[in-house]
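Engineer: Contents of start.txt (compact mmCIF, C-alpha atoms) are given next:
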# COMPACT_ATOMS: atom_id res chain seq x y z
CA MET A 30 -12.64 155.08 79.47
CA GLU A 31 -13.75 154.06 76.08
CA ILE A 32 -11.73 151.52 74.02
CA ASP A 33 -11.20 152.10 70.31
CA TRP A 34 -11.52 148.66 68.98
CA TRP A 35 -10.44 149.56 65.49
CA THR A 36 -7.27 151.16 66.72
CA LEU A 37 -6.58 148.17 68.93
CA ALA A 38 -7.17 145.87 66.01
CA LEU A 39 -4.88 147.86 63.75
CA GLN A 40 -2.14 147.96 66.41
CA THR A 41 -2.49 144.25 66.93
CA ILE A 42 -2.26 143.67 63.21
CA ASN A 43 0.79 145.94 63.07
CA PHE A 44 2.40 144.07 65.95
CA LEU A 45 1.78 140.74 64.33
CA VAL A 46 3.15 142.06 61.04
CA VAL A 47 6.24 143.35 62.85
CA VAL A 48 6.63 140.02 64.65
CA TRP A 49 6.24 138.17 61.32
CA LEU A 50 8.74 140.44 59.68
CA LEU A 51 11.18 140.08 62.53
CA SER A 52 10.65 136.34 62.45
CA GLN A 53 11.23 136.19 58.71
CA PHE A 54 14.07 138.64 58.32
CA LEU A 55 15.77 138.80 61.73
CA TYR A 56 15.14 135.89 64.05
CA ARG A 57 15.45 133.12 61.46
CA PRO A 58 18.75 134.43 59.97
CA VAL A 59 20.10 134.98 63.48
CA ARG A 60 18.90 131.52 64.49
CA ARG A 61 20.38 130.02 61.36
CA MET A 62 23.61 131.89 62.10
CA ILE A 63 23.56 130.63 65.69
CA GLU A 64 22.81 127.08 64.54
CA ALA A 65 25.52 127.35 61.94
CA ARG A 66 27.87 128.70 64.56
CA GLU A 67 26.93 125.94 66.96
CA ALA A 68 27.41 123.39 64.19
CA ALA A 69 30.79 124.94 63.38
CA ASP A 70 31.68 124.90 67.06
CA ARG A 71 30.63 121.25 67.32
CA ALA A 72 32.63 120.44 64.20
CA ALA A 73 35.59 122.35 65.57
CA ALA A 74 35.19 120.58 68.91
CA ASP A 75 34.93 117.24 67.13
CA GLU A 76 37.97 118.11 65.02
CA ALA A 77 39.82 119.23 68.14
CA GLN A 78 38.81 116.02 69.89
CA LYS A 79 39.94 114.09 66.85
CA LYS A 80 43.24 115.99 66.77
CA THR A 81 43.63 115.43 70.50
CA GLU A 82 43.01 111.72 70.10
CA GLU A 83 45.41 111.62 67.18
CA ALA A 84 48.00 113.52 69.22
CA GLU A 85 47.45 111.17 72.13
CA ASN A 86 47.82 108.21 69.80
CA LEU A 87 50.98 109.74 68.37
CA ARG A 88 52.31 110.36 71.87
CA ALA A 89 51.49 106.78 72.92
CA ASP A 90 53.09 105.47 69.72
CA TYR A 91 56.13 107.68 70.32
CA GLU A 92 56.44 106.46 73.90
CA ARG A 93 56.00 102.87 72.71
CA ARG A 94 58.64 103.35 70.01
CA LEU A 95 60.90 105.08 72.51
CA ALA A 96 60.47 102.20 74.97
CA GLU A 97 61.19 99.70 72.19
CA PHE A 98 64.24 101.73 71.20
CA ASP A 99 65.42 101.77 74.82
CA ASP A 100 64.89 98.01 75.04
CA GLN A 101 66.80 97.51 71.79
CA MET A 102 69.62 99.76 73.01
CA ARG A 103 69.80 97.90 76.32
CA GLN A 104 69.78 94.59 74.47
CA ARG A 105 72.48 95.78 72.07
CA GLU A 106 74.50 97.16 74.98
CA ALA A 107 74.20 93.81 76.77
CA GLU A 108 75.19 91.96 73.59
CA LEU A 109 78.09 94.36 73.05
CA HIS A 110 79.20 93.94 76.67
CA GLU A 111 78.94 90.16 76.35
CA ALA A 112 80.91 90.23 73.08
CA MET A 113 83.55 92.47 74.66
CA GLN A 114 83.75 90.13 77.66
CA ARG A 115 84.16 87.12 75.36
CA GLU A 116 86.84 88.98 73.40
CA ARG A 117 88.55 89.99 76.64
CA ASP A 118 88.44 86.42 77.95
CA LEU A 119 89.75 85.12 74.62
CA THR A 120 92.52 87.72 74.60
CA LEU A 121 93.47 86.90 78.20
CA SER A 122 93.42 83.20 77.42
CA ASP A 123 95.65 83.72 74.38
CA ALA A 124 97.94 85.96 76.43
CA ARG A 125 98.17 83.32 79.17
CA LYS A 126 98.91 80.64 76.59
CA ASP A 127 101.56 82.84 74.97
CA ALA A 128 103.08 83.66 78.37
CA GLU A 129 103.08 79.98 79.33
CA ASN A 130 104.68 79.07 76.01
CA LEU A 131 107.29 81.77 76.54
CA ARG A 132 107.96 80.53 80.07
CA ALA A 133 108.19 76.95 78.83
CA THR A 134 110.53 78.01 76.04
CA ALA A 135 112.62 80.07 78.45
CA ARG A 136 112.76 77.18 80.93
CA ALA A 137 113.76 74.80 78.15
CA GLU A 138 116.43 77.20 76.94
CA ILE A 139 117.69 77.75 80.49
CA GLU A 140 117.72 74.01 81.13
CA GLU A 141 119.52 73.43 77.85
CA SER A 142 121.99 76.19 78.71
CA LYS A 143 122.52 74.63 82.14
CA ILE A 144 123.10 71.23 80.58
CA ARG A 145 125.55 72.71 78.09
CA ALA A 146 127.25 74.71 80.85
CA VAL A 147 127.52 71.66 83.09
CA ALA A 148 128.83 69.58 80.20
CA ASP A 149 131.35 72.29 79.32
CA LEU A 150 132.31 72.63 82.98
CA GLN A 151 132.68 68.89 83.35
CA ALA A 152 134.81 68.77 80.22
CA GLU A 153 136.89 71.67 81.51
CA ILE A 154 137.23 70.04 84.92
CA ALA A 155 138.21 66.77 83.30
CA THR A 156 140.81 68.60 81.20
CA LEU A 157 142.13 70.48 84.22
CA ALA A 158 142.18 67.31 86.30
CA ARG A 159 144.09 65.50 83.58
CA GLU A 160 146.52 68.40 83.24
CA LEU A 161 146.95 68.59 87.02
CA ALA A 162 147.51 64.85 87.25
CA GLU A 163 150.01 64.94 84.42
CA LYS A 164 151.81 67.90 86.01
CA ALA A 165 151.79 66.31 89.45
CA LEU A 166 153.10 63.06 88.06
CA SER A 167 155.78 64.85 86.07
CA ASP A 168 156.80 66.97 89.09
CA VAL A 169 157.13 64.00 91.45
CA PRO A 170 159.97 61.60 90.58
CA ALA A 171 159.00 57.98 90.36
CA ASP A 172 162.11 56.90 92.32
CA PRO A 173 161.50 57.47 96.06
CA LEU A 174 165.18 58.14 96.67
CA VAL A 175 165.29 60.83 93.97
CA CYS A 176 162.13 62.30 95.41
CA LEU A 177 163.66 62.31 98.91
CA GLU A 178 166.85 63.96 97.73
CA ALA A 179 164.82 66.61 95.88
CA VAL A 180 162.66 67.47 98.88
CA LEU A 181 165.68 67.66 101.21
CA ALA A 182 167.56 69.84 98.72
CA ARG A 183 164.73 72.36 98.76
CA GLN A 184 164.99 72.89 102.51
CA GLU A 185 166.84 75.84 104.00
CA GLN A 186 169.67 75.15 106.42
CA ALA A 187 167.64 76.62 109.26
CA ASP A 188 164.80 74.24 108.45
CA LEU A 189 167.18 71.28 108.47
CA THR A 190 168.55 72.38 111.84
CA HIS A 191 165.03 72.62 113.24
CA MET A 192 164.27 69.14 111.93
CA ARG A 193 167.41 67.74 113.63
CA GLN A 194 166.38 69.35 116.91
CA ASP A 195 162.86 68.00 116.55
CA LEU A 196 164.17 64.48 115.98
CA ALA A 197 166.63 64.77 118.85
CA THR A 198 163.74 65.63 121.19
CA GLU A 199 161.05 63.23 119.98
CA GLY A 200 163.23 60.87 117.97
CA THR A 201 160.60 59.48 115.53
CA LEU A 202 160.56 60.00 111.74
CA ALA A 203 158.11 58.20 109.45
CA VAL A 204 158.70 57.77 105.72
CA VAL A 205 155.30 57.25 104.06
CA THR A 206 155.01 56.02 100.45
CA ALA A 207 152.16 54.87 98.25
CA VAL A 208 153.66 51.39 97.89
CA GLN A 209 155.86 49.36 100.18
CA LEU A 210 159.59 49.93 99.64
CA SER A 211 162.03 47.10 99.15
CA ASP A 212 164.67 46.47 101.79
CA GLU A 213 167.31 47.82 99.45
CA MET A 214 165.37 51.05 98.85
CA ARG A 215 164.75 51.41 102.58
CA GLY A 216 168.47 51.18 103.22
CA ARG A 217 169.22 53.80 100.61
CA VAL A 218 166.52 56.11 102.03
CA ARG A 219 167.82 55.60 105.57
CA LYS A 220 171.37 56.49 104.45
CA ALA A 221 170.19 59.65 102.63
CA LEU A 222 168.29 60.78 105.72
CA THR A 223 171.14 60.15 108.16
CA ASP A 224 173.57 61.90 105.81
CA THR A 225 171.39 65.00 105.93
CA LEU A 226 169.78 64.92 109.36
CA GLY A 227 172.22 62.89 111.36
CA GLU A 228 171.41 59.95 113.57
CA ILE A 229 167.65 59.25 113.70
CA PRO A 230 166.57 57.43 116.86
CA THR A 231 163.48 55.84 115.28
CA LEU A 232 162.85 55.58 111.53
CA ALA A 233 159.59 53.97 110.42
CA PHE A 234 158.43 53.05 106.92
CA GLU A 235 154.68 53.25 106.26
CA THR A 236 152.43 52.89 103.20
CA ASP A 237 149.38 54.95 102.21
CA PRO A 238 147.86 54.25 98.75
CA TYR A 239 146.11 57.62 98.85
CA LEU A 240 149.48 59.31 98.25
CA LEU A 241 149.47 57.89 94.66
CA GLY A 242 153.25 58.42 94.34
CA GLY A 243 156.29 60.14 95.84
CA LEU A 244 156.84 60.17 99.58
CA SER A 245 156.08 62.11 102.74
CA LEU A 246 158.38 62.71 105.71
CA ARG A 247 156.35 62.94 108.90
CA LEU A 248 158.29 64.49 111.76
CA PRO A 249 157.06 64.88 115.34
CA HIS A 250 156.03 68.51 114.69
CA GLY A 251 155.73 68.80 110.94
CA GLU A 252 155.61 67.12 107.55
CA LEU A 253 157.49 67.37 104.27
CA ASP A 254 155.09 66.39 101.53
CA ALA A 255 156.48 65.38 98.14
CA THR A 256 153.58 63.15 97.06
CA VAL A 257 151.36 63.17 93.97
CA ALA A 258 148.27 63.54 96.18
CA GLY A 259 149.84 66.56 97.88
CA ARG A 260 150.62 68.16 94.55
CA LEU A 261 147.04 67.57 93.36
CA ASP A 262 145.61 69.02 96.58
CA ALA A 263 147.84 72.08 96.30
CA ALA A 264 146.87 72.57 92.66
CA ALA A 265 143.17 72.19 93.48
CA LYS A 266 143.45 74.77 96.30
CA ALA A 267 145.29 77.14 93.99
CA MET A 268 142.65 76.72 91.33
CA GLY A 269 139.90 77.28 93.91
CA GLY A 270 141.65 80.42 95.11
CA ASP A 271 141.89 81.69 91.54
CA THR A 272 138.20 81.01 91.05
CA ASP A 273 137.27 82.86 94.25
CA ASP A 274 139.43 85.81 93.22
CA ALA A 275 137.71 85.87 89.85
Produce C-alpha cells that represent the structure in this file.
Structural biologist:
Amino acid sequence: MEIDWWTLALQTINFLVVVWLLSQFLYRPVRRMIEAREAADRAAADEAQKKTEEAENLRADYERRLAEFDDQMRQREAELHEAMQRERDLTLSDARKDAENLRATARAEIEESKIRAVADLQAEIATLARELAEKALSDVPADPLVCLEAVLARQEQADLTHMRQDLATEGTLAVVTAVQLSDEMRGRVRKALTDTLGEIPTLAFETDPYLLGGLSLRLPHGELDATVAGRLDAAAKAMGGDTDDA
C-alpha cells in the first residue's frame, strides 16, 4: 500500500486548522463560560455561606435576645411577686392593727358601758334600798305595844285559836325585839297577849338587834313577824321575784 504524503500532510494541516479554529471559537468560549459559571457558582456559594452565617448570627442573636427577655420577664415577675407580697403583708398588718384598734375600742366601750351600768344599778339599788327601808320603817310602828296590837289584829279567829292550842300544848311564847323592853312595856305587852290569847304558861322576852325595829312573836310551831328586818326581807324577795318574772 502506497502512502500519499501530500494528502496526509494536507489532512494533517486541515486537522490542525480545525483544532485551532475549535480552540479559538469553541473551546475557549465554552471554557470561559464554564469558568464564569464556576466563578458565579463560587460567588453564589460564598454569598449563600455568607447569608447562612448571617442567618445563623441572627438566629443566635434572636435566641440571646429571647433568653435576655425571658430573664427580664422572670426578674420582673419576681419583683412584681415580691412587691405584691410586701403590699399583701402591709395590708394584712394594717388590717390587723385596725382590727386590734376596733377590738380595743369595743372593749373600752363595753367596759365603760359596764361601769355605767353598774353605777346606774348601784344607784338604783341604793334608791330602792332607801325606799324599802323608809317603807319598812313607816309600816312598822315604833311603839312595840302598837306593833303587837297591829299584828294580833291582822290574825283570823281560826289562827288565834290555833295559837292558843299551840301554847296550851307547849306553853312557851317568846317576844323578840331589837332593843330590850322596859319592865313597864313588858307588863303592857304581857297584858295585851293574855287578853288575846289567854293564859300563857311561859312568856319570854328576848332581844335581837338584827330585827332593827318592831317585834316578833315566836310560838312553839310558828312565828308572827312584825319587824323591820322581816319587812325588808319580804320586800327584797318580792323585788327578786319581779326581776325573775321580767
Engineer: What's the separation between CA of Thr201 (chain A) and CA of Pro249 (chain A), in Å to one decimal place?
Structural biologist: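 Those two atoms sit 6.5 Å apart.
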Engineer: Please measure the separation of CA of Arg247 (chain A) and CA of Val204 (chain A), giving the value in Å to one decimal.
Structural biologist: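 CA of Val204 (chain A) lies at a distance of 6.5 Å from CA of Arg247 (chain A).
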Engineer: Contacts of Met214 (chain A) at 12 Å or less, counting all atoms listed in the file, minus same-chain residues fewer than 3 places along, as a list of chain:residue names?
Structural biologist: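 Returned residues: A:Asp172, A:Pro173, A:Leu174, A:Val175, A:Leu177, A:Val204, A:Thr206, A:Val208, A:Gln209, A:Leu210, A:Ser211, A:Arg217, A:Val218, A:Arg219, A:Lys220, A:Ala221, A:Phe234.
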Engineer: Record the distance separating CA of Arg66 (chain A) and CA of Leu50 (chain A), expressed in Å with one decimal.
Structural biologist: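 Result for CA of Arg66 (chain A) versus CA of Leu50 (chain A): 23.0 Å, one decimal.
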Engineer: Find the residue from A:Ala73, A:Ala255, A:Val47, A:Leu95 that sits nearest to Arg183 (chain A); use only C-alpha atoms when measuring.
Structural biologist: A:Ala255
Engineer: Generate the missing atoms of region 79-102 of chain A up to N, CA, C and O atoms and report them as a PDB file, in the frame of the given file.
Structural biologist:
ATOM      1  N   LYS A  79      39.260 115.020  67.738  1.00  0.00           N
ATOM      2  CA  LYS A  79      39.940 114.090  66.850  1.00  0.00           C
ATOM      3  C   LYS A  79      41.449 114.348  66.845  1.00  0.00           C
ATOM      4  O   LYS A  79      42.257 113.414  66.931  1.00  0.00           O
ATOM      5  N   LYS A  80      41.818 115.640  66.749  1.00  0.00           N
ATOM      6  CA  LYS A  80      43.240 115.990  66.770  1.00  0.00           C
ATOM      7  C   LYS A  80      43.882 115.593  68.101  1.00  0.00           C
ATOM      8  O   LYS A  80      45.020 115.112  68.141  1.00  0.00           O
ATOM      9  N   THR A  81      43.112 115.806  69.183  1.00  0.00           N
ATOM     10  CA  THR A  81      43.630 115.430  70.500  1.00  0.00           C
ATOM     11  C   THR A  81      43.851 113.926  70.585  1.00  0.00           C
ATOM     12  O   THR A  81      44.881 113.458  71.092  1.00  0.00           O
ATOM     13  N   GLU A  82      42.874 113.170  70.092  1.00  0.00           N
ATOM     14  CA  GLU A  82      43.010 111.720  70.100  1.00  0.00           C
ATOM     15  C   GLU A  82      44.183 111.286  69.223  1.00  0.00           C
ATOM     16  O   GLU A  82      44.957 110.383  69.601  1.00  0.00           O
ATOM     17  N   GLU A  83      44.285 111.957  68.049  1.00  0.00           N
ATOM     18  CA  GLU A  83      45.410 111.620  67.180  1.00  0.00           C
ATOM     19  C   GLU A  83      46.741 111.968  67.853  1.00  0.00           C
ATOM     20  O   GLU A  83      47.708 111.194  67.783  1.00  0.00           O
ATOM     21  N   ALA A  84      46.777 113.131  68.507  1.00  0.00           N
ATOM     22  CA  ALA A  84      48.000 113.520  69.220  1.00  0.00           C
ATOM     23  C   ALA A  84      48.304 112.537  70.352  1.00  0.00           C
ATOM     24  O   ALA A  84      49.474 112.159  70.579  1.00  0.00           O
ATOM     25  N   GLU A  85      47.253 112.129  71.054  1.00  0.00           N
ATOM     26  CA  GLU A  85      47.450 111.170  72.130  1.00  0.00           C
ATOM     27  C   GLU A  85      47.956 109.835  71.584  1.00  0.00           C
ATOM     28  O   GLU A  85      48.844 109.197  72.164  1.00  0.00           O
ATOM     29  N   ASN A  86      47.359 109.439  70.445  1.00  0.00           N
ATOM     30  CA  ASN A  86      47.820 108.210  69.800  1.00  0.00           C
ATOM     31  C   ASN A  86      49.265 108.333  69.355  1.00  0.00           C
ATOM     32  O   ASN A  86      50.073 107.396  69.508  1.00  0.00           O
ATOM     33  N   LEU A  87      49.592 109.509  68.787  1.00  0.00           N
ATOM     34  CA  LEU A  87      50.980 109.740  68.370  1.00  0.00           C
ATOM     35  C   LEU A  87      51.920 109.720  69.573  1.00  0.00           C
ATOM     36  O   LEU A  87      53.021 109.174  69.502  1.00  0.00           O
ATOM     37  N   ARG A  88      51.492 110.363  70.678  1.00  0.00           N
ATOM     38  CA  ARG A  88      52.310 110.360  71.870  1.00  0.00           C
ATOM     39  C   ARG A  88      52.496 108.945  72.399  1.00  0.00           C
ATOM     40  O   ARG A  88      53.613 108.529  72.769  1.00  0.00           O
ATOM     41  N   ALA A  89      51.397 108.165  72.444  1.00  0.00           N
ATOM     42  CA  ALA A  89      51.490 106.780  72.920  1.00  0.00           C
ATOM     43  C   ALA A  89      52.395 105.967  71.987  1.00  0.00           C
ATOM     44  O   ALA A  89      53.219 105.157  72.452  1.00  0.00           O
ATOM     45  N   ASP A  90      52.237 106.195  70.659  1.00  0.00           N
ATOM     46  CA  ASP A  90      53.090 105.470  69.720  1.00  0.00           C
ATOM     47  C   ASP A  90      54.556 105.885  69.886  1.00  0.00           C
ATOM     48  O   ASP A  90      55.461 105.039  69.817  1.00  0.00           O
ATOM     49  N   TYR A  91      54.766 107.195  70.109  1.00  0.00           N
ATOM     50  CA  TYR A  91      56.130 107.680  70.320  1.00  0.00           C
ATOM     51  C   TYR A  91      56.745 107.063  71.579  1.00  0.00           C
ATOM     52  O   TYR A  91      57.885 106.603  71.567  1.00  0.00           O
ATOM     53  N   GLU A  92      55.946 107.049  72.662  1.00  0.00           N
ATOM     54  CA  GLU A  92      56.440 106.460  73.900  1.00  0.00           C
ATOM     55  C   GLU A  92      56.697 104.966  73.715  1.00  0.00           C
ATOM     56  O   GLU A  92      57.695 104.424  74.238  1.00  0.00           O
ATOM     57  N   ARG A  93      55.805 104.295  72.974  1.00  0.00           N
ATOM     58  CA  ARG A  93      56.000 102.870  72.710  1.00  0.00           C
ATOM     59  C   ARG A  93      57.277 102.654  71.897  1.00  0.00           C
ATOM     60  O   ARG A  93      58.097 101.774  72.217  1.00  0.00           O
ATOM     61  N   ARG A  94      57.429 103.470  70.833  1.00  0.00           N
ATOM     62  CA  ARG A  94      58.640 103.350  70.010  1.00  0.00           C
ATOM     63  C   ARG A  94      59.887 103.686  70.828  1.00  0.00           C
ATOM     64  O   ARG A  94      60.935 103.031  70.672  1.00  0.00           O
ATOM     65  N   LEU A  95      59.776 104.717  71.682  1.00  0.00           N
ATOM     66  CA  LEU A  95      60.900 105.080  72.510  1.00  0.00           C
ATOM     67  C   LEU A  95      61.255 103.952  73.485  1.00  0.00           C
ATOM     68  O   LEU A  95      62.435 103.642  73.693  1.00  0.00           O
ATOM     69  N   ALA A  96      60.223 103.323  74.069  1.00  0.00           N
ATOM     70  CA  ALA A  96      60.470 102.200  74.970  1.00  0.00           C
ATOM     71  C   ALA A  96      61.100 101.036  74.213  1.00  0.00           C
ATOM     72  O   ALA A  96      62.043 100.394  74.700  1.00  0.00           O
ATOM     73  N   GLU A  97      60.589 100.764  73.006  1.00  0.00           N
ATOM     74  CA  GLU A  97      61.190  99.700  72.190  1.00  0.00           C
ATOM     75  C   GLU A  97      62.634 100.033  71.836  1.00  0.00           C
ATOM     76  O   GLU A  97      63.506  99.156  71.853  1.00  0.00           O
ATOM     77  N   PHE A  98      62.879 101.312  71.526  1.00  0.00           N
ATOM     78  CA  PHE A  98      64.240 101.730  71.200  1.00  0.00           C
ATOM     79  C   PHE A  98      65.157 101.568  72.415  1.00  0.00           C
ATOM     80  O   PHE A  98      66.295 101.091  72.278  1.00  0.00           O
ATOM     81  N   ASP A  99      64.635 101.949  73.605  1.00  0.00           N
ATOM     82  CA  ASP A  99      65.420 101.770  74.820  1.00  0.00           C
ATOM     83  C   ASP A  99      65.714 100.299  75.072  1.00  0.00           C
ATOM     84  O   ASP A  99      66.853  99.926  75.445  1.00  0.00           O
ATOM     85  N   ASP A 100      64.679  99.456  74.857  1.00  0.00           N
ATOM     86  CA  ASP A 100      64.890  98.010  75.040  1.00  0.00           C
ATOM     87  C   ASP A 100      65.936  97.496  74.052  1.00  0.00           C
ATOM     88  O   ASP A 100      66.806  96.695  74.416  1.00  0.00           O
ATOM     89  N   GLN A 101      65.815  97.946  72.793  1.00  0.00           N
ATOM     90  CA  GLN A 101      66.800  97.510  71.790  1.00  0.00           C
ATOM     91  C   GLN A 101      68.201  97.994  72.149  1.00  0.00           C
ATOM     92  O   GLN A 101      69.178  97.237  72.000  1.00  0.00           O
ATOM     93  N   MET A 102      68.302  99.248  72.629  1.00  0.00           N
ATOM     94  CA  MET A 102      69.620  99.760  73.010  1.00  0.00           C
ATOM     95  C   MET A 102      70.196  98.985  74.187  1.00  0.00           C
ATOM     96  O   MET A 102      71.387  98.658  74.198  1.00  0.00           O
TER      97      MET A 102
END
